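Okay, entry-v3.cif is below, mmCIF, C-alpha atoms:
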```cif
data_my_file
#
loop_
_atom_site.label_atom_id
_atom_site.label_comp_id
_atom_site.auth_asym_id
_atom_site.auth_seq_id
_atom_site.Cartn_x
_atom_site.Cartn_y
_atom_site.Cartn_z
CA MET A 1 -9.98 25.96 -2.72
CA GLU A 2 -9.29 25.87 0.97
CA LYS A 3 -12.46 26.28 2.95
CA LYS A 4 -12.70 29.06 5.50
CA ARG A 5 -11.57 27.77 8.86
CA ASP A 6 -13.81 27.59 11.86
CA LYS A 7 -12.37 30.11 14.33
CA ASN A 8 -13.11 27.73 17.20
CA MET A 9 -11.43 24.71 15.62
CA ILE A 10 -8.14 23.60 17.12
CA PHE A 11 -5.59 22.44 14.57
CA GLU A 12 -2.80 19.91 14.96
CA THR A 13 0.60 21.25 15.99
CA ALA A 14 2.64 18.03 16.10
CA PHE A 15 3.40 14.98 14.03
CA THR A 16 5.16 11.71 14.76
CA MET A 17 7.42 9.61 12.56
CA ASP A 18 7.04 5.87 13.03
CA THR A 19 8.36 3.04 10.93
CA SER A 20 9.53 -0.55 11.10
CA SER A 21 13.14 -1.53 11.52
CA ILE A 22 14.46 -2.16 8.00
CA LYS A 23 17.00 -4.73 6.87
CA TYR A 24 18.04 -4.53 3.21
CA GLY A 25 20.25 -6.66 1.01
CA PRO A 26 20.31 -9.55 -1.46
CA GLY A 27 19.76 -12.80 0.45
CA VAL A 28 18.77 -11.29 3.81
CA THR A 29 15.61 -13.42 3.92
CA ARG A 30 17.79 -16.19 5.31
CA GLU A 31 18.37 -14.08 8.45
CA VAL A 32 14.72 -14.10 9.54
CA GLY A 33 15.25 -17.04 11.89
CA PHE A 34 17.99 -15.14 13.70
CA ASP A 35 15.74 -12.09 13.94
CA MET A 36 12.78 -14.05 15.30
CA LYS A 37 14.97 -15.86 17.82
CA LYS A 38 16.17 -12.50 19.15
CA LEU A 39 12.54 -11.55 19.69
CA GLY A 40 11.99 -14.65 21.84
CA VAL A 41 9.55 -16.29 19.43
CA HIS A 42 9.01 -20.05 19.43
CA ARG A 43 6.02 -20.73 17.12
CA VAL A 44 5.44 -18.68 13.96
CA MET A 45 2.51 -18.41 11.58
CA VAL A 46 4.05 -17.90 8.13
CA VAL A 47 1.47 -16.20 5.91
CA THR A 48 1.58 -16.27 2.12
CA ASP A 49 -0.74 -16.73 -0.86
CA PRO A 50 -1.25 -19.92 -2.91
CA ASN A 51 0.89 -18.64 -5.78
CA LEU A 52 3.92 -18.51 -3.47
CA THR A 53 3.46 -21.77 -1.53
CA ASN A 54 6.45 -23.45 -3.17
CA SER A 55 8.42 -20.29 -3.87
CA GLU A 56 12.02 -19.65 -2.88
CA PRO A 57 11.22 -16.75 -0.50
CA VAL A 58 8.78 -18.92 1.49
CA SER A 59 11.08 -21.94 1.63
CA VAL A 60 14.09 -19.81 2.63
CA ALA A 61 12.07 -18.16 5.41
CA ILE A 62 10.78 -21.48 6.78
CA ASN A 63 14.22 -23.10 6.63
CA ALA A 64 15.72 -20.11 8.44
CA LEU A 65 13.19 -20.48 11.25
CA GLN A 66 13.74 -24.22 11.54
CA GLU A 67 17.51 -23.77 11.72
CA GLU A 68 16.92 -21.71 14.87
CA ASN A 69 14.59 -24.40 16.31
CA ILE A 70 11.54 -22.18 15.79
CA GLU A 71 8.36 -24.00 14.81
CA ALA A 72 7.04 -22.65 11.48
CA VAL A 73 3.42 -23.29 10.45
CA LEU A 74 2.53 -22.29 6.90
CA PHE A 75 -0.77 -20.55 6.15
CA ASP A 76 -0.94 -20.24 2.37
CA LYS A 77 -4.54 -19.12 1.99
CA ALA A 78 -4.00 -15.37 1.95
CA ARG A 79 -6.18 -13.99 -0.83
CA VAL A 80 -4.61 -11.69 -3.40
CA GLU A 81 -6.67 -8.54 -2.81
CA PRO A 82 -8.02 -9.72 0.58
CA THR A 83 -11.66 -9.64 1.62
CA ASP A 84 -13.25 -9.47 5.05
CA GLU A 85 -13.93 -13.20 4.74
CA SER A 86 -10.33 -14.10 3.86
CA PHE A 87 -9.12 -12.02 6.81
CA LYS A 88 -11.52 -13.89 9.11
CA VAL A 89 -10.18 -17.25 7.88
CA ALA A 90 -6.62 -16.18 8.69
CA ALA A 91 -7.64 -14.82 12.09
CA LYS A 92 -9.38 -18.09 12.99
CA PHE A 93 -6.27 -20.03 11.98
CA ALA A 94 -4.16 -17.75 14.18
CA VAL A 95 -6.45 -18.11 17.18
CA GLU A 96 -6.43 -21.89 16.91
CA GLY A 97 -2.68 -22.04 16.30
CA ASN A 98 -1.63 -20.20 19.46
CA PHE A 99 1.28 -18.46 17.73
CA ASP A 100 3.68 -16.06 19.43
CA GLY A 101 5.06 -14.61 16.19
CA PHE A 102 4.00 -13.86 12.62
CA ILE A 103 5.74 -13.54 9.27
CA GLY A 104 4.11 -12.25 6.09
CA VAL A 105 5.88 -13.35 2.89
CA GLY A 106 4.48 -11.97 -0.35
CA GLY A 107 2.84 -8.84 -1.63
CA GLY A 108 0.79 -6.44 0.42
CA SER A 109 -2.06 -8.95 0.57
CA SER A 110 0.01 -11.52 2.49
CA MET A 111 1.60 -8.92 4.75
CA ASP A 112 -1.77 -7.30 5.53
CA THR A 113 -3.29 -10.73 6.21
CA ALA A 114 -0.52 -11.45 8.71
CA LYS A 115 -1.18 -8.11 10.44
CA VAL A 116 -4.88 -8.88 10.80
CA ALA A 117 -4.26 -12.46 11.98
CA ASN A 118 -1.96 -11.04 14.63
CA LEU A 119 -4.49 -8.40 15.70
CA TYR A 120 -7.59 -10.58 16.05
CA SER A 121 -5.75 -13.46 17.69
CA THR A 122 -4.16 -11.11 20.23
CA TYR A 123 -7.27 -9.00 20.93
CA PRO A 124 -10.34 -10.95 19.73
CA ALA A 125 -13.29 -8.73 18.79
CA ASP A 126 -16.16 -8.41 16.35
CA PHE A 127 -14.58 -7.94 12.94
CA LEU A 128 -15.85 -4.40 12.35
CA ASP A 129 -14.66 -3.15 15.75
CA TYR A 130 -11.19 -2.24 14.47
CA VAL A 131 -12.23 -1.34 10.90
CA ASN A 132 -11.91 2.31 9.97
CA ARG A 133 -14.88 4.60 10.39
CA PRO A 134 -17.47 5.18 9.04
CA ILE A 135 -17.74 1.55 7.88
CA GLY A 136 -16.44 0.11 11.14
CA LYS A 137 -16.22 1.38 14.70
CA GLY A 138 -12.58 2.45 14.42
CA ILE A 139 -11.78 1.25 17.94
CA PRO A 140 -8.06 1.75 18.70
CA VAL A 141 -5.96 -1.39 19.10
CA PRO A 142 -5.84 -1.99 22.89
CA GLY A 143 -2.11 -2.61 23.17
CA PRO A 144 1.02 -4.08 21.58
CA LEU A 145 0.76 -7.05 19.24
CA LYS A 146 3.01 -10.08 18.95
CA PRO A 147 6.22 -9.70 16.92
CA MET A 148 5.67 -9.66 13.17
CA ILE A 149 8.25 -9.52 10.39
CA ALA A 150 7.25 -8.64 6.82
CA ILE A 151 9.13 -9.97 3.79
CA PRO A 152 7.86 -8.35 0.56
CA THR A 153 8.13 -10.23 -2.72
CA THR A 154 6.82 -7.32 -4.80
CA ALA A 155 8.10 -3.77 -5.08
CA GLY A 156 4.95 -1.84 -4.38
CA THR A 157 2.77 -1.71 -1.30
CA GLY A 158 5.28 -0.66 1.34
CA SER A 159 3.17 -2.69 3.78
CA GLU A 160 6.37 -3.76 5.54
CA THR A 161 6.56 -0.22 6.98
CA THR A 162 2.92 0.67 7.64
CA GLY A 163 0.27 0.14 10.28
CA VAL A 164 -2.47 -0.41 7.70
CA ALA A 165 -4.28 -3.49 6.34
CA ILE A 166 -6.56 -3.05 3.32
CA PHE A 167 -9.39 -5.36 2.24
CA ASP A 168 -12.58 -5.62 0.19
CA LEU A 169 -15.74 -5.47 2.26
CA GLU A 170 -17.76 -7.74 0.03
CA VAL A 171 -21.21 -6.61 1.12
CA MET A 172 -20.38 -3.04 0.02
CA ARG A 173 -18.26 -4.00 -2.99
CA ALA A 174 -15.65 -1.48 -1.88
CA LYS A 175 -12.29 -1.41 -0.13
CA THR A 176 -11.67 -0.19 3.38
CA GLY A 177 -9.10 -1.04 6.01
CA ILE A 178 -7.76 -1.14 9.53
CA ALA A 179 -5.22 1.51 10.50
CA HIS A 180 -3.27 1.72 13.74
CA ARG A 181 0.40 2.09 14.62
CA ALA A 182 0.29 -1.19 16.55
CA LEU A 183 -0.24 -3.08 13.26
CA ARG A 184 3.13 -1.97 11.95
CA PRO A 185 5.59 -4.90 11.56
CA ILE A 186 8.50 -4.83 13.95
CA MET A 187 10.82 -5.38 10.97
CA GLY A 188 10.74 -5.33 7.18
CA ILE A 189 13.23 -7.59 5.39
CA ILE A 190 13.89 -6.07 1.97
CA ASP A 191 15.54 -8.68 -0.25
CA PRO A 192 15.91 -7.88 -3.97
CA ASN A 193 16.26 -11.61 -4.69
CA ASN A 194 12.57 -12.02 -3.84
CA THR A 195 11.32 -10.04 -6.87
CA LYS A 196 13.11 -11.98 -9.62
CA THR A 197 9.99 -13.79 -10.90
CA VAL A 198 7.39 -11.00 -10.68
CA PRO A 199 5.35 -10.83 -13.95
CA LYS A 200 5.75 -7.64 -15.97
CA ILE A 201 2.18 -6.44 -15.43
CA ALA A 202 2.55 -7.01 -11.69
CA ALA A 203 5.87 -5.17 -11.64
CA ALA A 204 4.25 -2.23 -13.42
CA SER A 205 1.20 -2.21 -11.16
CA CYS A 206 3.31 -2.38 -8.02
CA GLY A 207 5.62 0.34 -9.30
CA PHE A 208 2.71 2.68 -9.92
CA ASP A 209 1.42 1.97 -6.43
CA VAL A 210 4.78 3.22 -5.15
CA LEU A 211 4.64 6.30 -7.37
CA CYS A 212 1.13 7.19 -6.26
CA HIS A 213 1.98 6.59 -2.60
CA ALA A 214 4.74 9.16 -2.95
CA LEU A 215 2.80 11.68 -5.05
CA GLU A 216 -0.22 11.54 -2.78
CA SER A 217 1.71 11.80 0.48
CA LEU A 218 3.68 14.75 -0.91
CA THR A 219 0.49 16.56 -1.96
CA ALA A 220 -1.65 15.51 1.03
CA LEU A 221 -3.19 18.14 3.30
CA PRO A 222 -0.38 19.19 5.69
CA TYR A 223 -0.61 17.96 9.26
CA HIS A 224 -0.97 21.48 10.68
CA LYS A 225 -4.06 22.14 8.57
CA ARG A 226 -5.91 19.17 10.07
CA PRO A 227 -8.09 19.28 13.19
CA ALA A 228 -6.33 18.13 16.34
CA PRO A 229 -7.58 14.79 17.68
CA GLU A 230 -9.80 14.76 20.74
CA SER A 231 -7.11 12.80 22.58
CA LEU A 232 -3.53 11.76 21.90
CA GLU A 233 -4.69 8.15 21.62
CA LEU A 234 -6.75 9.15 18.58
CA ARG A 235 -3.92 10.83 16.67
CA PRO A 236 -4.11 8.95 13.35
CA ALA A 237 -1.34 6.96 11.72
CA TYR A 238 -2.00 9.03 8.59
CA GLN A 239 -1.31 12.54 9.89
CA GLY A 240 -0.86 14.60 6.74
CA ALA A 241 2.16 15.84 4.81
CA ASN A 242 5.06 16.85 7.03
CA PRO A 243 8.73 17.77 6.53
CA ILE A 244 10.05 14.24 7.17
CA SER A 245 7.50 12.36 5.03
CA ASP A 246 8.18 14.90 2.26
CA LEU A 247 11.83 13.80 2.15
CA TRP A 248 10.95 10.13 1.73
CA ALA A 249 8.22 10.88 -0.81
CA SER A 250 10.41 13.15 -2.90
CA LYS A 251 13.22 10.62 -3.15
CA ALA A 252 10.71 7.89 -3.97
CA ILE A 253 9.21 9.91 -6.84
CA GLU A 254 12.67 10.39 -8.36
CA MET A 255 13.69 6.74 -8.04
CA VAL A 256 10.44 5.24 -9.37
CA SER A 257 10.44 7.55 -12.36
CA ARG A 258 13.99 6.49 -13.25
CA ASN A 259 13.49 2.75 -12.80
CA ILE A 260 9.91 1.63 -13.46
CA VAL A 261 10.22 1.39 -17.25
CA ARG A 262 13.59 -0.35 -16.94
CA VAL A 263 12.31 -3.04 -14.56
CA VAL A 264 9.21 -3.75 -16.67
CA GLN A 265 11.07 -3.92 -19.96
CA ASP A 266 13.96 -5.97 -18.57
CA PRO A 267 13.24 -8.03 -15.43
CA SER A 268 16.89 -9.18 -15.45
CA ASP A 269 18.03 -5.60 -14.72
CA ASP A 270 19.18 -6.29 -11.18
CA ASP A 271 20.02 -2.67 -10.42
CA ALA A 272 16.53 -1.50 -11.39
CA ARG A 273 14.87 -4.31 -9.43
CA ALA A 274 16.94 -3.52 -6.34
CA SER A 275 16.06 0.15 -6.64
CA MET A 276 12.34 -0.56 -6.99
CA ILE A 277 12.02 -2.77 -3.91
CA LEU A 278 14.03 -0.26 -1.88
CA VAL A 279 11.99 2.70 -3.08
CA ALA A 280 8.77 0.87 -2.19
CA THR A 281 10.02 1.02 1.39
CA PHE A 282 10.96 4.70 1.04
CA ALA A 283 7.46 5.54 -0.15
CA GLY A 284 5.98 3.33 2.55
CA ILE A 285 7.74 5.32 5.26
CA GLY A 286 6.45 8.53 3.69
CA PHE A 287 2.81 7.62 3.17
CA GLY A 288 2.75 5.41 6.27
CA ASN A 289 2.95 8.63 8.27
CA ALA A 290 1.48 11.26 5.93
CA GLY A 291 -1.27 9.22 4.30
CA VAL A 292 -2.64 9.14 0.78
CA HIS A 293 -5.68 10.82 -0.74
CA LEU A 294 -7.94 10.78 -3.78
CA ALA A 295 -6.16 8.38 -6.13
CA HIS A 296 -6.15 5.64 -3.52
CA GLY A 297 -9.60 6.56 -2.28
CA MET A 298 -10.99 6.41 -5.83
CA SER A 299 -9.25 3.12 -6.55
CA TYR A 300 -10.89 1.23 -3.69
CA PRO A 301 -14.44 1.20 -5.07
CA VAL A 302 -13.04 0.62 -8.56
CA SER A 303 -11.22 -2.53 -7.41
CA GLY A 304 -14.18 -3.59 -5.32
CA MET A 305 -16.53 -3.42 -8.32
CA VAL A 306 -14.48 -5.59 -10.70
CA ARG A 307 -16.56 -8.44 -12.11
CA GLU A 308 -14.77 -9.84 -15.18
CA TYR A 309 -11.26 -8.49 -15.63
CA ILE A 310 -8.09 -10.53 -15.03
CA PRO A 311 -4.93 -8.94 -16.48
CA GLU A 312 -2.81 -11.05 -18.81
CA GLY A 313 0.08 -12.52 -16.84
CA ILE A 314 -1.69 -12.46 -13.47
CA LYS A 315 -2.61 -15.78 -11.83
CA SER A 316 -5.95 -15.39 -10.10
CA GLU A 317 -9.02 -17.53 -9.51
CA HIS A 318 -11.21 -14.44 -9.30
CA PRO A 319 -11.59 -11.20 -11.29
CA ILE A 320 -9.03 -8.65 -10.18
CA ILE A 321 -7.83 -5.14 -10.89
CA PRO A 322 -4.37 -5.13 -9.28
CA HIS A 323 -4.25 -2.46 -6.62
CA GLY A 324 -1.55 -0.31 -8.23
CA MET A 325 -3.31 -0.50 -11.59
CA GLY A 326 -6.56 0.71 -10.04
CA VAL A 327 -4.74 3.60 -8.39
CA VAL A 328 -2.78 4.81 -11.41
CA LEU A 329 -5.76 4.57 -13.78
CA VAL A 330 -7.52 7.33 -11.86
CA SER A 331 -4.40 9.32 -10.92
CA PRO A 332 -4.17 11.57 -14.01
CA ALA A 333 -7.72 12.77 -13.36
CA VAL A 334 -6.96 13.15 -9.65
CA PHE A 335 -3.90 15.35 -10.10
CA ARG A 336 -5.58 17.50 -12.73
CA PHE A 337 -8.25 18.05 -10.07
CA THR A 338 -5.98 18.64 -7.06
CA ALA A 339 -3.36 20.83 -8.73
CA ILE A 340 -5.34 24.02 -8.11
CA THR A 341 -4.83 23.55 -4.36
CA ASN A 342 -1.05 23.95 -4.70
CA PRO A 343 0.20 24.37 -8.27
CA GLU A 344 3.80 24.92 -7.21
CA LEU A 345 3.92 21.64 -5.33
CA HIS A 346 2.38 19.71 -8.23
CA LEU A 347 4.96 21.24 -10.60
CA HIS A 348 7.69 20.26 -8.14
CA ALA A 349 6.39 16.69 -8.25
CA ALA A 350 6.53 16.75 -12.06
CA GLU A 351 10.09 18.06 -11.88
CA LEU A 352 11.05 15.20 -9.56
CA MET A 353 9.71 12.87 -12.26
CA GLY A 354 12.09 14.43 -14.80
CA VAL A 355 9.91 17.11 -16.38
CA ASP A 356 11.52 20.42 -17.35
CA ILE A 357 9.13 22.88 -15.72
CA SER A 358 10.96 26.06 -16.73
CA GLY A 359 8.44 28.44 -18.27
CA VAL A 360 5.44 26.27 -17.35
CA ASP A 361 2.41 28.31 -16.28
CA LYS A 362 1.04 27.40 -12.84
CA LYS A 363 -2.41 26.89 -14.30
CA ASP A 364 -1.02 23.98 -16.31
CA ALA A 365 0.47 22.19 -13.29
CA GLY A 366 -2.13 19.44 -13.18
CA GLU A 367 -1.92 18.71 -16.88
CA VAL A 368 1.88 18.61 -16.78
CA LEU A 369 1.97 16.15 -13.88
CA ALA A 370 -0.81 14.02 -15.40
CA GLY A 371 1.03 14.01 -18.73
CA LYS A 372 4.19 12.56 -17.18
CA ILE A 373 2.22 9.86 -15.37
CA ILE A 374 0.49 8.95 -18.64
CA GLU A 375 3.86 8.77 -20.41
CA LEU A 376 5.04 6.14 -17.91
CA MET A 377 1.73 4.29 -18.16
CA ARG A 378 2.06 3.99 -21.91
CA ALA A 379 5.68 2.86 -21.64
CA THR A 380 4.75 0.05 -19.24
CA GLY A 381 1.61 -1.24 -20.95
CA MET A 382 -1.04 -0.03 -18.52
CA PRO A 383 -4.67 -0.14 -19.74
CA ASN A 384 -6.04 3.06 -21.22
CA GLY A 385 -8.67 3.96 -18.66
CA LEU A 386 -11.34 2.05 -16.79
CA SER A 387 -13.18 0.89 -19.89
CA GLU A 388 -10.28 -1.45 -20.70
CA ASN A 389 -10.87 -3.06 -17.29
CA ARG A 390 -14.48 -3.71 -18.42
CA PHE A 391 -15.60 -1.18 -15.86
CA ILE A 392 -18.93 -0.15 -17.32
CA ILE A 393 -21.04 2.96 -16.86
CA SER A 394 -23.53 1.20 -14.58
CA TYR A 395 -20.71 0.72 -12.07
CA VAL A 396 -19.93 4.43 -12.20
CA ASN A 397 -23.58 5.23 -11.52
CA TYR A 398 -23.52 2.81 -8.57
CA LEU A 399 -20.53 4.62 -7.10
CA ARG A 400 -22.20 8.00 -7.57
CA LYS A 401 -25.30 6.67 -5.81
CA PHE A 402 -23.22 6.07 -2.70
CA LYS A 403 -21.31 9.35 -3.16
CA LEU A 404 -18.09 7.44 -3.70
CA ILE A 405 -17.38 9.49 -6.80
CA LYS A 406 -18.87 12.70 -8.08
CA ASN A 407 -18.35 14.38 -11.43
CA PHE A 408 -15.13 12.48 -12.03
CA THR A 409 -13.94 11.35 -15.45
CA CYS A 410 -11.60 8.41 -14.98
CA VAL A 411 -10.06 8.11 -18.42
CA SER A 412 -6.29 8.01 -18.34
CA TYR A 413 -5.12 8.78 -21.86
#
```

Take the structure I supplied and represent it as structure tokens, if you would.
Amino acid sequence: MEKKRDKNMIFETAFTMDTSSIKYGPGVTREVGFDMKKLGVHRVMVVTDPNLTNSEPVSVAINALQEENIEAVLFDKARVEPTDESFKVAAKFAVEGNFDGFIGVGGGSSMDTAKVANLYSTYPADFLDYVNRPIGKGIPVPGPLKPMIAIPTTAGTGSETTGVAIFDLEVMRAKTGIAHRALRPIMGIIDPNNTKTVPKIAAASCGFDVLCHALESLTALPYHKRPAPESLELRPAYQGANPISDLWASKAIEMVSRNIVRVVQDPSDDDARASMILVATFAGIGFGNAGVHLAHGMSYPVSGMVREYIPEGIKSEHPIIPHGMGVVLVSPAVFRFTAITNPELHLHAAELMGVDISGVDKKDAGEVLAGKIIELMRATGMPNGLSENRFIISYVNYLRKFKLIKNFTCVSY
């Protein structure tokens, strides 16, 4: 299905591998004060969401800062599934607070909010200036940001390793984001103790976000098949599949497939929990350089259109389709669709997930990979397709109107 190349087009010949410094281990959250002190920080904006205000990870982080005589100011208004408005509130708080360091404690929403607060307080601009094209202007970040450390409390987004912040643009009812290497946290603190109280549905959703990060980055268009940027400054953070991101993605696919059912069925399984938060970082390193594709792209308008649904076990004051849930619900249809581009690679992905592919015909690659994803969805209690999220046909027609989806059946199993 590859289109004929323009003979005059110049294609990329290089890729870069960037990531945050990573510190892993049970209890390492208590070292964040030491880490911030080494960075010369004196006043920190600690970003989290209202559900985590009184949580152990937040209190441990703040105490660690105070023990090093670093002033810690809590901002606990990060919105789960951020919007442009919630980002603006955080940015205003950061500007007024005159902080020289940032910490995001929570899921991807809190970490992304900290990134954006850091960006707009360091280089103030109209909000859409840094937002990805074609919705925003896509202006590159002018220079380095202030030190930021990310402390995930879910095993999913990999935001502790990436230069991306995702949000709902409310006027469009769709997700978009800001992507630039400068947004990447200087360090990710990966502490398995911080995921002990994650609800089962959240653990499943986050786990599927990890799986889809890895599957999509592995099957993304390779870097050398993409047009070269007009200048080195414009080389994107998401560069396409490459030999190094493939290693991280492949290991992530294996580890998620072995552990996601275990961690959902038994949250006290410490080994599975530790594996899941570590593999979220693995996948983050992979997709943070290679990028993702259709499953994530399809999920953004799906999440942006939610009007009624709140999953059982999720605390939210507003309707929400958790990000990983939105991604995995469309992923079986996505991989059935994309398999024709590289059947061997899609079969390899299925094999990494534990499927015996001996004797499987290449034409069945998409169905085989989709079937394994569906098996894990059933085992972890995911909804059966978009209709169970009360996503009605009028929403699908709205998305088609704006060419956000076309001829796509998003029914999982």

Using all atoms listed in the file, give me every residue within 10 Å of (0.8, 10.4, -14.7) in file coordinates, as a PyMOL selection string. chain A and resi 208+211-212+215+328-336+350+353+366-378+412-413

Just say which residues the PyMOL selection byres ((chain A and resi 12) around 6) picks in this file, as a PyMOL selection string. chain A and resi 11+13-14+224+226-228

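If you look at atom CA of Ala90 of chain A and atom CA of Arg235 of chain A, they are 28.3 Å away from each other.
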
Given the file shown, determine the residues that the PyMOL selection byres ((chain A and resi 42) around 9) selects; report them as a list in words.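 Output from the PyMOL selection byres ((chain A and resi 42) around 9), applied to this file: Met36, Lys37, Gly40, Val41, Arg43, Val44, Asn69, Ile70, Glu71, Ala72, Phe99, Asp100 and Gly101 of chain A.
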
Please build the interface table for segment 162-273 of chain A against segment 26-33 of chain A with a cut-off of 7 Å, listing for each qualifying residue the nearest atom pair and the distance in Å to one decimal; count only C-alpha atoms, order rows by chain and increasing number, and write it as JSON lines.
```
{"residue": "A:Ile189", "atom": "CA", "partner": "A:Thr29", "partner_atom": "CA", "distance": 6.5}
{"residue": "A:Asp191", "atom": "CA", "partner": "A:Pro26", "partner_atom": "CA", "distance": 5.0}
{"residue": "A:Pro192", "atom": "CA", "partner": "A:Pro26", "partner_atom": "CA", "distance": 5.3}
{"residue": "A:Asn193", "atom": "CA", "partner": "A:Pro26", "partner_atom": "CA", "distance": 5.6}
```

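Proximity of A:Asp209, A:Glu67, A:Asp129, A:Glu351 to His296 of chain A, computed with only C-alpha atoms, is greatest for A:Asp209.
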
Translate the PyMOL selection byres ((chain A and resi 158) around 10) into a concrete residue list for this structure, as a PyMOL selection string. chain A and resi 107-108+111+150+152+154-157+159-162+188+206+209-210+213+277-288

Can you measure atom CA of Tyr300 of chain A to atom CA of Gly136 of chain A for me? One decimal in Å is fine. 15.9 Å

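Remark: for Glu68 of chain A, the closest of the candidate residues A:Asp35, A:Asp112, A:Ala125, A:Met382 is A:Asp35 (distances computed over all atoms listed in the file).
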
Selected residue of minimal separation from Leu119 of chain A among A:Met172, A:Pro185, A:Asn194, A:Val60, counting all atoms listed in the file: A:Pro185

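The space separating atom CA of Gly177 of chain A from atom CA of Phe93 of chain A comes to 20.1 Å.
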
Need the shell around Phe102 of chain A: protein/DNA/RNA residues with any atom at most 7 Å away, counting all atoms listed in the file. Skip same-chain ones fewer than 3 positions apart. Format as a ChimeraX atom specification? /A:44-46,114,118,147-149

C-alpha atoms of the current selection, written as an mmCIF file, in the frame of the given file:
```cif
data_model
loop_
_atom_site.group_PDB
_atom_site.id
_atom_site.type_symbol
_atom_site.label_atom_id
_atom_site.label_comp_id
_atom_site.auth_asym_id
_atom_site.auth_seq_id
_atom_site.Cartn_x
_atom_site.Cartn_y
_atom_site.Cartn_z
ATOM 1 C CA VAL A 44 5.440 -18.680 13.960
ATOM 2 C CA MET A 45 2.510 -18.410 11.580
ATOM 3 C CA VAL A 46 4.050 -17.900 8.130
ATOM 4 C CA ALA A 114 -0.520 -11.450 8.710
ATOM 5 C CA ASN A 118 -1.960 -11.040 14.630
ATOM 6 C CA PRO A 147 6.220 -9.700 16.920
ATOM 7 C CA MET A 148 5.670 -9.660 13.170
ATOM 8 C CA ILE A 149 8.250 -9.520 10.390
#
```

Given only C-alpha atoms as the basis, pick out the residue of A:Thr380, A:Ser299, A:Asn98, A:Thr195 nearest to Ile166 of chain A.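 Going through A:Thr380, A:Ser299, A:Asn98, A:Thr195 one by one, the smallest distance to Ile166 of chain A is for A:Ser299.
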
So which residues are close to (-4.8, -14.9, 7.7), meaning at most 10 Å away in the file's coordinates with only C-alpha atoms counted, and can you show them as a VMD selection string? chain A and resid 45 to 49 75 to 79 82 85 to 94 104 109 to 118 120

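In this comparison, which uses all atoms listed in the file, the residue of A:Ile340, A:Val327, A:Met276, A:Leu218 approaching Ala290 of chain A most closely is A:Leu218.
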
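If you measure from each of A:Leu74, A:Leu65, A:Ile151, A:Val302 to Gly106 of chain A using all atoms listed in the file, the closest one turns out to be A:Ile151.
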
Please provide as an NGL selection string all residues within 9 Å of segment 314-319 of chain A, with the sequence filter that same-chain residues fewer than 3 positions apart are discarded (counting all atoms listed in the file). :A and (51 or 80 or 199 or 201-202 or 306-311 or 322)

Please produce an output containing C-alpha atoms for each residue in the selection, written as a PDB file, in the frame of the given file.
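Saved as part.pdb:
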```
ATOM      1  CA  ASN A  51       0.890 -18.640  -5.780  1.00  0.00           C
ATOM      2  CA  VAL A  80      -4.610 -11.690  -3.400  1.00  0.00           C
ATOM      3  CA  PRO A 199       5.350 -10.830 -13.950  1.00  0.00           C
ATOM      4  CA  ILE A 201       2.180  -6.440 -15.430  1.00  0.00           C
ATOM      5  CA  ALA A 202       2.550  -7.010 -11.690  1.00  0.00           C
ATOM      6  CA  VAL A 306     -14.480  -5.590 -10.700  1.00  0.00           C
ATOM      7  CA  ARG A 307     -16.560  -8.440 -12.110  1.00  0.00           C
ATOM      8  CA  GLU A 308     -14.770  -9.840 -15.180  1.00  0.00           C
ATOM      9  CA  TYR A 309     -11.260  -8.490 -15.630  1.00  0.00           C
ATOM     10  CA  ILE A 310      -8.090 -10.530 -15.030  1.00  0.00           C
ATOM     11  CA  PRO A 311      -4.930  -8.940 -16.480  1.00  0.00           C
ATOM     12  CA  PRO A 322      -4.370  -5.130  -9.280  1.00  0.00           C
TER      13      PRO A 322
END
```

Selection near Pro144 of chain A, 12 Å with only C-alpha atoms, sequence-local residues under 5 positions removed, as a VMD selection string: chain A and resid 118 to 119 122 to 123 180 to 186

With N, CA and C atoms as the goal, would you fill in the gaps in segment 346-352 of chain A and present it as an mmCIF file, in the frame of the given file?
```
data_model
loop_
_atom_site.group_PDB
_atom_site.id
_atom_site.type_symbol
_atom_site.label_atom_id
_atom_site.label_comp_id
_atom_site.auth_asym_id
_atom_site.auth_seq_id
_atom_site.Cartn_x
_atom_site.Cartn_y
_atom_site.Cartn_z
ATOM 1 N N HIS A 346 2.631 20.682 -7.164
ATOM 2 C CA HIS A 346 2.380 19.710 -8.230
ATOM 3 C C HIS A 346 3.432 19.845 -9.335
ATOM 4 N N LEU A 347 3.874 21.064 -9.625
ATOM 5 C CA LEU A 347 4.960 21.240 -10.600
ATOM 6 C C LEU A 347 6.266 20.670 -10.049
ATOM 7 N N HIS A 348 6.488 20.841 -8.758
ATOM 8 C CA HIS A 348 7.690 20.260 -8.140
ATOM 9 C C HIS A 348 7.662 18.748 -8.279
ATOM 10 N N ALA A 349 6.509 18.136 -8.091
ATOM 11 C CA ALA A 349 6.390 16.690 -8.250
ATOM 12 C C ALA A 349 6.719 16.283 -9.690
ATOM 13 N N ALA A 350 6.224 17.039 -10.655
ATOM 14 C CA ALA A 350 6.530 16.750 -12.060
ATOM 15 C C ALA A 350 8.021 16.882 -12.324
ATOM 16 N N GLU A 351 8.646 17.880 -11.713
ATOM 17 C CA GLU A 351 10.090 18.060 -11.880
ATOM 18 C C GLU A 351 10.861 16.881 -11.298
ATOM 19 N N LEU A 352 10.414 16.379 -10.150
ATOM 20 C CA LEU A 352 11.050 15.200 -9.560
ATOM 21 C C LEU A 352 10.949 13.999 -10.493
#
```
